[in-house]
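Shown next: data.cif, containing mmCIF, C-alpha atoms.
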```
data_query
#
loop_
_atom_site.label_atom_id
_atom_site.label_comp_id
_atom_site.auth_asym_id
_atom_site.auth_seq_id
_atom_site.Cartn_x
_atom_site.Cartn_y
_atom_site.Cartn_z
CA MET E 1 0.00 0.00 0.00
CA ASN E 2 2.34 2.62 -1.23
CA GLY E 3 2.19 5.31 -3.85
CA LYS E 4 -0.50 7.82 -4.59
CA VAL E 5 -4.15 6.75 -4.78
CA HIS E 6 -5.75 7.31 -8.20
CA PRO E 7 -8.15 10.32 -8.12
CA GLN E 8 -11.12 8.09 -9.10
CA SER E 9 -10.49 5.97 -5.99
CA GLU E 10 -9.33 8.61 -3.52
CA GLY E 11 -12.06 8.34 -0.91
CA TYR E 12 -12.22 4.57 -1.05
CA GLY E 13 -8.45 4.07 -1.24
CA ASP E 14 -7.67 6.56 1.52
CA ALA E 15 -10.26 4.92 3.79
CA LYS E 16 -8.50 1.56 3.35
CA ARG E 17 -5.14 3.13 4.18
CA GLU E 18 -6.59 4.78 7.27
CA LEU E 19 -8.09 1.47 8.42
CA GLU E 20 -4.72 -0.24 8.01
CA MET E 21 -2.92 2.52 9.96
CA LEU E 22 -5.57 2.50 12.71
CA SER E 23 -5.29 -1.29 13.04
CA ARG E 24 -1.50 -1.09 13.39
CA TRP E 25 -1.72 1.78 15.90
CA TYR E 26 -4.37 0.05 17.98
CA SER E 27 -2.35 -3.20 18.12
CA SER E 28 0.83 -1.40 19.17
CA SER E 29 -0.81 0.75 21.84
CA SER E 30 -3.09 -1.80 23.52
CA GLU E 31 -3.13 -5.40 24.60
CA THR E 32 -5.66 -6.22 21.90
CA MET E 33 -4.35 -7.42 18.58
CA CYS E 34 -6.09 -5.84 15.65
CA VAL E 35 -5.53 -7.14 12.14
CA CYS E 36 -6.59 -5.60 8.88
CA ILE E 37 -8.25 -7.57 6.08
CA LEU E 38 -8.85 -5.53 2.94
CA ALA E 39 -11.27 -6.95 0.40
CA SER E 40 -11.46 -5.73 -3.18
CA ASN E 41 -14.58 -5.31 -5.38
CA VAL E 42 -16.89 -7.53 -3.33
CA PHE E 43 -20.20 -8.49 -4.96
CA GLY E 44 -22.95 -10.99 -4.37
CA CYS E 45 -26.23 -11.68 -2.63
CA GLY E 46 -27.54 -9.69 0.31
CA GLY E 47 -27.50 -6.14 1.50
CA SER E 48 -30.33 -3.75 0.79
CA GLU E 49 -27.96 -1.16 -0.67
CA SER E 50 -25.75 -3.52 -2.66
CA PHE E 51 -27.72 -3.16 -5.91
CA ARG E 52 -27.85 0.63 -6.10
CA SER E 53 -26.58 2.18 -9.34
CA SER E 54 -23.37 3.32 -7.67
CA GLY E 55 -22.99 0.15 -5.58
CA PRO E 56 -20.51 -2.68 -6.03
CA MET E 57 -19.65 -2.81 -9.74
CA VAL E 58 -20.93 -6.31 -10.52
CA ASN E 59 -24.16 -5.80 -8.55
CA ALA E 60 -24.73 -2.43 -10.25
CA LEU E 61 -24.20 -4.03 -13.69
CA ILE E 62 -26.67 -6.80 -12.83
CA ARG E 63 -29.24 -4.18 -11.85
CA LYS E 64 -28.65 -2.20 -15.06
CA CYS E 65 -28.91 -5.31 -17.24
CA TYR E 66 -32.11 -6.46 -15.53
CA SER E 67 -33.60 -2.99 -15.95
CA ALA E 68 -32.57 -2.83 -19.64
CA ALA E 69 -34.08 -6.27 -20.30
CA SER E 70 -37.33 -5.43 -18.47
CA SER E 71 -37.79 -2.16 -20.33
CA ARG E 72 -36.48 -3.54 -23.65
CA ASN E 73 -33.78 -0.86 -23.77
CA ASP E 74 -30.09 -0.98 -24.57
CA PHE E 75 -27.72 -1.98 -21.78
CA HIS E 76 -25.38 1.00 -21.38
CA CYS E 77 -22.00 0.35 -19.77
CA LEU E 78 -19.36 2.86 -18.75
CA GLY E 79 -15.98 2.73 -20.45
CA LYS E 80 -15.05 0.35 -23.26
CA GLY E 81 -14.97 -2.84 -21.20
CA ILE E 82 -11.20 -3.28 -21.53
CA ALA E 83 -10.38 -2.25 -17.96
CA MET E 84 -9.37 -5.12 -15.67
CA ARG E 85 -10.81 -5.62 -12.19
CA GLN E 86 -10.37 -8.21 -9.46
CA VAL E 87 -13.88 -9.09 -8.36
CA LEU E 88 -14.60 -11.09 -5.23
CA PHE E 89 -17.80 -13.07 -4.60
CA ASN E 90 -19.03 -12.47 -1.06
CA GLU E 91 -19.53 -16.22 -0.51
CA ASP E 92 -15.77 -16.62 -1.10
CA LEU E 93 -14.90 -13.77 1.26
CA ALA E 94 -16.94 -15.15 4.18
CA PRO E 95 -14.86 -18.32 4.83
CA ILE E 96 -11.64 -16.31 4.48
CA LEU E 97 -12.84 -13.89 7.17
CA ILE E 98 -13.82 -16.78 9.46
CA TRP E 99 -10.41 -18.37 8.91
CA ALA E 100 -8.67 -15.05 9.62
CA LEU E 101 -10.63 -14.56 12.83
CA PHE E 102 -9.05 -17.68 14.31
CA HIS E 103 -5.71 -17.96 12.51
CA TYR E 104 -4.42 -14.66 11.15
CA GLU E 105 -2.17 -12.81 13.59
CA ASP E 106 -0.06 -10.33 11.61
CA SER E 107 -0.91 -6.83 12.74
CA THR E 108 2.05 -5.27 10.92
CA GLU E 109 0.55 -5.29 7.44
CA PRO E 110 -2.90 -5.92 5.97
CA MET E 111 -3.97 -9.07 4.21
CA ILE E 112 -5.44 -8.28 0.80
CA VAL E 113 -8.31 -10.46 -0.41
CA ALA E 114 -9.08 -10.05 -4.09
CA GLY E 115 -10.48 -12.32 -6.75
CA LYS E 116 -9.02 -13.16 -10.12
CA GLU E 117 -8.47 -10.31 -12.54
CA VAL E 118 -10.97 -10.14 -15.41
CA THR E 119 -12.01 -7.54 -17.98
CA ILE E 120 -15.22 -5.64 -17.38
CA SER E 121 -16.43 -6.84 -20.79
CA LYS E 122 -16.10 -10.48 -19.58
CA ILE E 123 -18.17 -9.60 -16.51
CA VAL E 124 -20.82 -7.97 -18.72
CA GLU E 125 -20.81 -11.01 -21.06
CA ALA E 126 -21.50 -13.33 -18.12
CA ILE E 127 -24.32 -11.09 -16.87
CA VAL E 128 -25.90 -10.80 -20.33
CA GLU E 129 -25.76 -14.58 -20.79
CA THR E 130 -27.19 -15.23 -17.32
CA ALA E 131 -29.99 -12.70 -17.83
CA GLY E 132 -30.82 -13.96 -21.31
CA PHE E 133 -30.51 -10.34 -22.45
CA THR E 134 -30.99 -10.09 -26.21
CA GLY E 135 -30.75 -6.32 -26.58
CA ARG E 136 -27.77 -4.24 -27.49
CA VAL E 137 -24.83 -3.70 -25.12
CA CYS E 138 -23.50 -0.16 -25.61
CA TRP E 139 -20.02 0.89 -24.55
CA GLU E 140 -18.73 4.48 -24.41
CA LYS E 141 -16.44 5.72 -27.19
CA GLU E 142 -14.02 7.18 -24.66
CA ASP E 143 -12.62 5.15 -21.78
CA ARG E 144 -12.19 7.22 -18.63
CA SER E 145 -11.60 4.35 -16.26
CA VAL E 146 -8.33 3.20 -14.74
CA ARG E 147 -7.12 0.24 -16.83
CA ARG E 148 -5.96 -1.90 -13.92
CA ARG E 149 -6.38 -1.83 -10.16
CA THR E 150 -4.46 -4.92 -9.24
CA ALA E 151 -4.02 -5.86 -5.60
CA SER E 152 -1.49 -8.48 -4.59
CA THR E 153 -2.94 -11.59 -2.96
CA GLU E 154 0.52 -13.02 -2.36
CA LYS E 155 0.19 -12.81 1.42
CA LEU E 156 -3.26 -14.47 1.40
CA ASN E 157 -1.89 -17.33 -0.70
CA ARG E 158 1.18 -17.67 1.55
CA VAL E 159 -0.66 -17.77 4.90
CA MET E 160 -3.84 -19.56 3.89
CA GLY E 161 -2.66 -21.83 1.10
CA THR E 162 -4.80 -22.68 -1.87
CA PHE E 163 -8.40 -21.56 -1.92
CA GLU E 164 -11.15 -22.82 -4.19
CA TRP E 165 -12.71 -19.70 -5.74
CA THR E 166 -16.26 -19.82 -7.06
CA PRO E 167 -16.16 -19.55 -10.87
CA LEU E 168 -17.21 -16.06 -12.02
CA LYS E 169 -20.13 -17.37 -14.08
CA THR E 170 -21.52 -19.32 -11.10
CA ALA E 171 -21.13 -16.32 -8.78
CA ILE E 172 -22.92 -14.05 -11.25
CA GLU E 173 -25.72 -16.60 -11.75
CA LYS E 174 -26.30 -16.81 -7.98
CA THR E 175 -26.22 -13.04 -7.60
CA TYR E 176 -28.55 -12.46 -10.56
CA LYS E 177 -31.09 -15.01 -9.28
CA PHE E 178 -30.96 -13.39 -5.84
CA TYR E 179 -31.53 -9.92 -7.31
CA ALA E 180 -34.38 -11.06 -9.56
CA SER E 181 -36.18 -12.99 -6.80
CA THR E 182 -35.62 -10.45 -4.02
CA TYR E 183 -36.04 -7.08 -5.71
CA CYS E 184 -38.00 -7.77 -8.86
CA SER E 185 -40.67 -10.33 -7.98
CA GLN E 186 -43.25 -7.97 -6.43
#
```
Just give me the structure of the file as structure tokens.
Amino acid sequence: MNGKVHPQSEGYGDAKRELEMLSRWYSSSSETMCVCILASNVFGCGGSESFRSSGPMVNALIRKCYSAASSRNDFHCLGKGIAMRQVLFNEDLAPILIWALFHYEDSTEPMIVAGKEVTISKIVEAIVETAGFTGRVCWEKEDRSVRRRTASTEKLNRVMGTFEWTPLKTAIEKTYKFYASTYCSQ
């Protein structure tokens, strides 16, 4: 966690840095050990606010696709789809957090938890296929997004060993079904 935070991520990135510094300070100045687990681009089922238009990227795209399909409109996506993101299914994060609660004891640096890196266009493809969307997917002509926001999961792999990640398509299918049955079945 060094270097300057990209302007598009300033609030979010600075908050993570502050959490990491607070965890280290608290551990060094008290008898309570405080560790910092930083998760990246979490998406999935649950949370009343998780499907808002500015919410987690994958959840927001699911909402937009569902809305476009329901209204028979085009599915508009920001950027060109070439940017890469590490997305993390919340059902994969949960067991890692439980494991960390009992086994992770390094308060000197955070443990980063991030999924595999994938292009935004691949995420959109999986959503469109899951939704059965037959309309047009429209990308912007100009790409204003940061191309890559890669977080190193080296420490997670070293301390926890191998982890069986849910395939992206399966995670999107579960999340889409949850959204459709919870928010759209009234």
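The gap separating CA of Ser71 in chain E from CA of Val118 in chain E is 28.4 Å, in Å to one decimal.
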For Leu101 in chain E, which residue among E:Met21, E:Cys36, E:Val137, E:Ala126 is the nearest when counting all atoms listed in the file?
-> E:Cys36
Using only C-alpha atoms, what table do you get, as a tab-separated table, when you list each residue of range 127-185 of chain E with an atom no more than 10 Å from range 79-88 of chain E, its nearest pair of atoms, and their distance in Å rounded to one decimal, rows by chain then rising number?
```
residue	atom	partner	partner_atom	distance
E:Cys138	CA	E:Lys80	CA	8.8
E:Trp139	CA	E:Lys80	CA	5.2
E:Glu140	CA	E:Gly79	CA	5.1
E:Lys141	CA	E:Lys80	CA	6.8
E:Glu142	CA	E:Gly79	CA	6.4
E:Asp143	CA	E:Gly79	CA	4.3
E:Arg144	CA	E:Gly79	CA	6.2
E:Ser145	CA	E:Gly79	CA	6.3
E:Val146	CA	E:Ala83	CA	6.7
E:Arg147	CA	E:Ala83	CA	4.3
E:Arg148	CA	E:Met84	CA	5.0
E:Arg149	CA	E:Arg85	CA	6.2
E:Thr150	CA	E:Gln86	CA	6.8
E:Ala151	CA	E:Gln86	CA	7.8
E:Trp165	CA	E:Leu88	CA	8.8
E:Thr166	CA	E:Leu88	CA	9.1
E:Leu168	CA	E:Val87	CA	8.5
E:Ala171	CA	E:Leu88	CA	9.1
```
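Point (-25.3, -17.8, -9.4) has the following residues at most 12 Å away: Phe43, Gly44, Cys45, Ile62, Phe89, Asn90, Glu91, Ala126, Ile127, Glu129, Thr130, Ala131, Thr166, Pro167, Leu168, Lys169, Thr170, Ala171, Ile172, Glu173, Lys174, Thr175, Tyr176, Lys177, Phe178, Tyr179 and Ala180 of chain E (atoms considered: all atoms listed in the file).
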Mind giving me the straight-line distance from CA of Cys184 in chain E to CA of Ala60 in chain E in Å, one decimal?
->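 Atom-to-atom, CA of Cys184 in chain E to CA of Ala60 in chain E, that is 14.4 Å.
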For each of E:Val128, E:Val159, E:Ser107, E:Gly115, take the minimum atom-to-atom distance to Tyr26 in chain E, counting only C-alpha atoms, then give the residue where this is smallest.
->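 Answer, going by the shortest atom-to-atom distance: E:Ser107.
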Neighbours of Ala39 in chain E within 8 Å (all atoms listed in the file; same-chain residues fewer than 5 positions away dropped), as a PyMOL selection string?
-> chain E and resi 88+93+112-114
Would you work out the distance separating CA of Asp74 in chain E from CA of Leu61 in chain E, expressed in Å to one decimal?
-> 12.7 Å
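Each of E:Met33, E:Ser28, E:Leu19, E:Lys116 was compared to Asp92 in chain E using all atoms listed in the file, and E:Lys116 turns out to be the nearest.
Nearest residue to Phe75 in chain E, choosing from E:Lys122, E:Met160, E:Pro110, E:Arg63 and counting only C-alpha atoms: E:Arg63.
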Would you be able to write out as a ChimeraX atom specification which residues have an atom within 10 Å of (-4.1, 1.0, 8.3) in the file's coordinates, counting all atoms listed in the file?
-> /E:1,14-26,35-38,107-110
Go through E:Leu78, E:Cys34, E:Cys65, E:Ile96 one by one, measure the shortest atom-to-atom distance of each to Thr134 in chain E using all atoms listed in the file, and give the residue with the smallest value.
-> E:Cys65
Centre, x/y/z edge lengths, axis-aligned box for range 168-176 of chain E with 8 Å per side, as lines of an AutoDock Vina configuration file:
```
center_x = -22.9
center_y = -15.9
center_z = -10.8
size_x = 27.3
size_y = 22.9
size_z = 22.5
```
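Proximity of E:Val58, E:Gly135, E:Thr162, E:Tyr104 to Thr119 in chain E, computed with only C-alpha atoms, is greatest for E:Val58.
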Taking the structure I provided as the source, export range 97-129 of chain E with N, CA, C and O atoms, as a tab-separated table (two decimals), in the first residue's frame.
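Heads up, here's the output in result16.tsv:
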```tsv
chain	number	residue	atom	x	y	z
E	97	LEU	N	-12.72	-14.70	5.95
E	97	LEU	CA	-12.84	-13.89	7.17
E	97	LEU	C	-12.95	-14.76	8.41
E	97	LEU	O	-12.34	-14.46	9.44
E	98	ILE	N	-13.70	-15.85	8.32
E	98	ILE	CA	-13.82	-16.78	9.46
E	98	ILE	C	-12.45	-17.39	9.77
E	98	ILE	O	-12.03	-17.46	10.92
E	99	TRP	N	-11.74	-17.82	8.71
E	99	TRP	CA	-10.41	-18.37	8.91
E	99	TRP	C	-9.50	-17.33	9.58
E	99	TRP	O	-8.80	-17.64	10.54
E	100	ALA	N	-9.53	-16.11	9.09
E	100	ALA	CA	-8.67	-15.05	9.62
E	100	ALA	C	-8.98	-14.75	11.09
E	100	ALA	O	-8.07	-14.48	11.88
E	101	LEU	N	-10.23	-14.82	11.45
E	101	LEU	CA	-10.63	-14.56	12.83
E	101	LEU	C	-9.90	-15.48	13.81
E	101	LEU	O	-9.50	-15.06	14.89
E	102	PHE	N	-9.68	-16.70	13.42
E	102	PHE	CA	-9.05	-17.68	14.31
E	102	PHE	C	-7.56	-17.92	14.05
E	102	PHE	O	-6.86	-18.43	14.92
E	103	HIS	N	-7.07	-17.57	12.87
E	103	HIS	CA	-5.71	-17.96	12.51
E	103	HIS	C	-4.77	-16.83	12.10
E	103	HIS	O	-3.56	-17.02	12.14
E	104	TYR	N	-5.28	-15.71	11.68
E	104	TYR	CA	-4.42	-14.66	11.15
E	104	TYR	C	-3.98	-13.73	12.29
E	104	TYR	O	-4.81	-13.18	12.99
E	105	GLU	N	-2.67	-13.57	12.44
E	105	GLU	CA	-2.17	-12.81	13.59
E	105	GLU	C	-1.14	-11.73	13.23
E	105	GLU	O	-0.46	-11.23	14.11
E	106	ASP	N	-1.05	-11.34	12.00
E	106	ASP	CA	-0.06	-10.33	11.61
E	106	ASP	C	-0.70	-8.95	11.62
E	106	ASP	O	-1.48	-8.60	10.74
E	107	SER	N	-0.35	-8.18	12.63
E	107	SER	CA	-0.91	-6.83	12.74
E	107	SER	C	0.00	-5.78	12.10
E	107	SER	O	-0.29	-4.61	12.14
E	108	THR	N	1.10	-6.23	11.49
E	108	THR	CA	2.05	-5.27	10.92
E	108	THR	C	1.71	-4.85	9.50
E	108	THR	O	2.15	-3.81	9.04
E	109	GLU	N	0.96	-5.67	8.79
E	109	GLU	CA	0.55	-5.29	7.44
E	109	GLU	C	-0.79	-5.96	7.12
E	109	GLU	O	-1.10	-7.02	7.65
E	110	PRO	N	-1.58	-5.35	6.26
E	110	PRO	CA	-2.90	-5.92	5.97
E	110	PRO	C	-2.80	-7.16	5.09
E	110	PRO	O	-1.81	-7.38	4.40
E	111	MET	N	-3.84	-7.96	5.14
E	111	MET	CA	-3.97	-9.07	4.21
E	111	MET	C	-4.99	-8.64	3.16
E	111	MET	O	-6.11	-8.26	3.49
E	112	ILE	N	-4.57	-8.67	1.91
E	112	ILE	CA	-5.44	-8.28	0.80
E	112	ILE	C	-6.18	-9.52	0.31
E	112	ILE	O	-5.58	-10.57	0.09
E	113	VAL	N	-7.49	-9.38	0.14
E	113	VAL	CA	-8.31	-10.46	-0.41
E	113	VAL	C	-8.95	-9.92	-1.68
E	113	VAL	O	-9.74	-8.98	-1.64
E	114	ALA	N	-8.56	-10.49	-2.80
E	114	ALA	CA	-9.08	-10.05	-4.09
E	114	ALA	C	-9.24	-11.26	-5.00
E	114	ALA	O	-8.45	-12.19	-4.93
E	115	GLY	N	-10.25	-11.22	-5.82
E	115	GLY	CA	-10.48	-12.32	-6.75
E	115	GLY	C	-9.57	-12.26	-7.95
E	115	GLY	O	-8.65	-11.43	-8.02
E	116	LYS	N	-9.83	-13.12	-8.89
E	116	LYS	CA	-9.02	-13.16	-10.12
E	116	LYS	C	-9.33	-11.93	-10.97
E	116	LYS	O	-10.46	-11.43	-11.00
E	117	GLU	N	-8.32	-11.49	-11.69
E	117	GLU	CA	-8.47	-10.31	-12.54
E	117	GLU	C	-9.19	-10.69	-13.84
E	117	GLU	O	-8.88	-11.69	-14.46
E	118	VAL	N	-10.17	-9.87	-14.22
E	118	VAL	CA	-10.97	-10.14	-15.41
E	118	VAL	C	-11.36	-8.80	-16.03
E	118	VAL	O	-11.47	-7.79	-15.33
E	119	THR	N	-11.58	-8.78	-17.35
E	119	THR	CA	-12.01	-7.54	-17.98
E	119	THR	C	-13.47	-7.27	-17.64
E	119	THR	O	-14.26	-8.20	-17.42
E	120	ILE	N	-13.83	-6.01	-17.64
E	120	ILE	CA	-15.22	-5.64	-17.38
E	120	ILE	C	-16.11	-6.20	-18.48
E	120	ILE	O	-17.24	-6.61	-18.21
E	121	SER	N	-15.61	-6.27	-19.70
E	121	SER	CA	-16.43	-6.84	-20.79
E	121	SER	C	-16.76	-8.31	-20.53
E	121	SER	O	-17.86	-8.78	-20.85
E	122	LYS	N	-15.82	-9.07	-19.92
E	122	LYS	CA	-16.10	-10.48	-19.58
E	122	LYS	C	-17.18	-10.57	-18.50
E	122	LYS	O	-18.02	-11.46	-18.52
E	123	ILE	N	-17.14	-9.64	-17.56
E	123	ILE	CA	-18.17	-9.60	-16.51
E	123	ILE	C	-19.53	-9.32	-17.15
E	123	ILE	O	-20.52	-10.00	-16.87
E	124	VAL	N	-19.57	-8.32	-18.03
E	124	VAL	CA	-20.82	-7.97	-18.72
E	124	VAL	C	-21.32	-9.14	-19.56
E	124	VAL	O	-22.51	-9.45	-19.55
E	125	GLU	N	-20.43	-9.83	-20.27
E	125	GLU	CA	-20.81	-11.01	-21.06
E	125	GLU	C	-21.50	-12.05	-20.18
E	125	GLU	O	-22.52	-12.63	-20.57
E	126	ALA	N	-20.92	-12.32	-19.03
E	126	ALA	CA	-21.50	-13.33	-18.12
E	126	ALA	C	-22.87	-12.88	-17.62
E	126	ALA	O	-23.79	-13.71	-17.49
E	127	ILE	N	-23.02	-11.60	-17.33
E	127	ILE	CA	-24.32	-11.09	-16.87
E	127	ILE	C	-25.35	-11.19	-17.98
E	127	ILE	O	-26.48	-11.64	-17.75
E	128	VAL	N	-24.99	-10.76	-19.18
E	128	VAL	CA	-25.90	-10.80	-20.33
E	128	VAL	C	-26.36	-12.23	-20.60
E	128	VAL	O	-27.54	-12.50	-20.81
E	129	GLU	N	-25.43	-13.17	-20.56
E	129	GLU	CA	-25.76	-14.58	-20.79
E	129	GLU	C	-26.69	-15.10	-19.69
E	129	GLU	O	-27.68	-15.78	-19.97
```
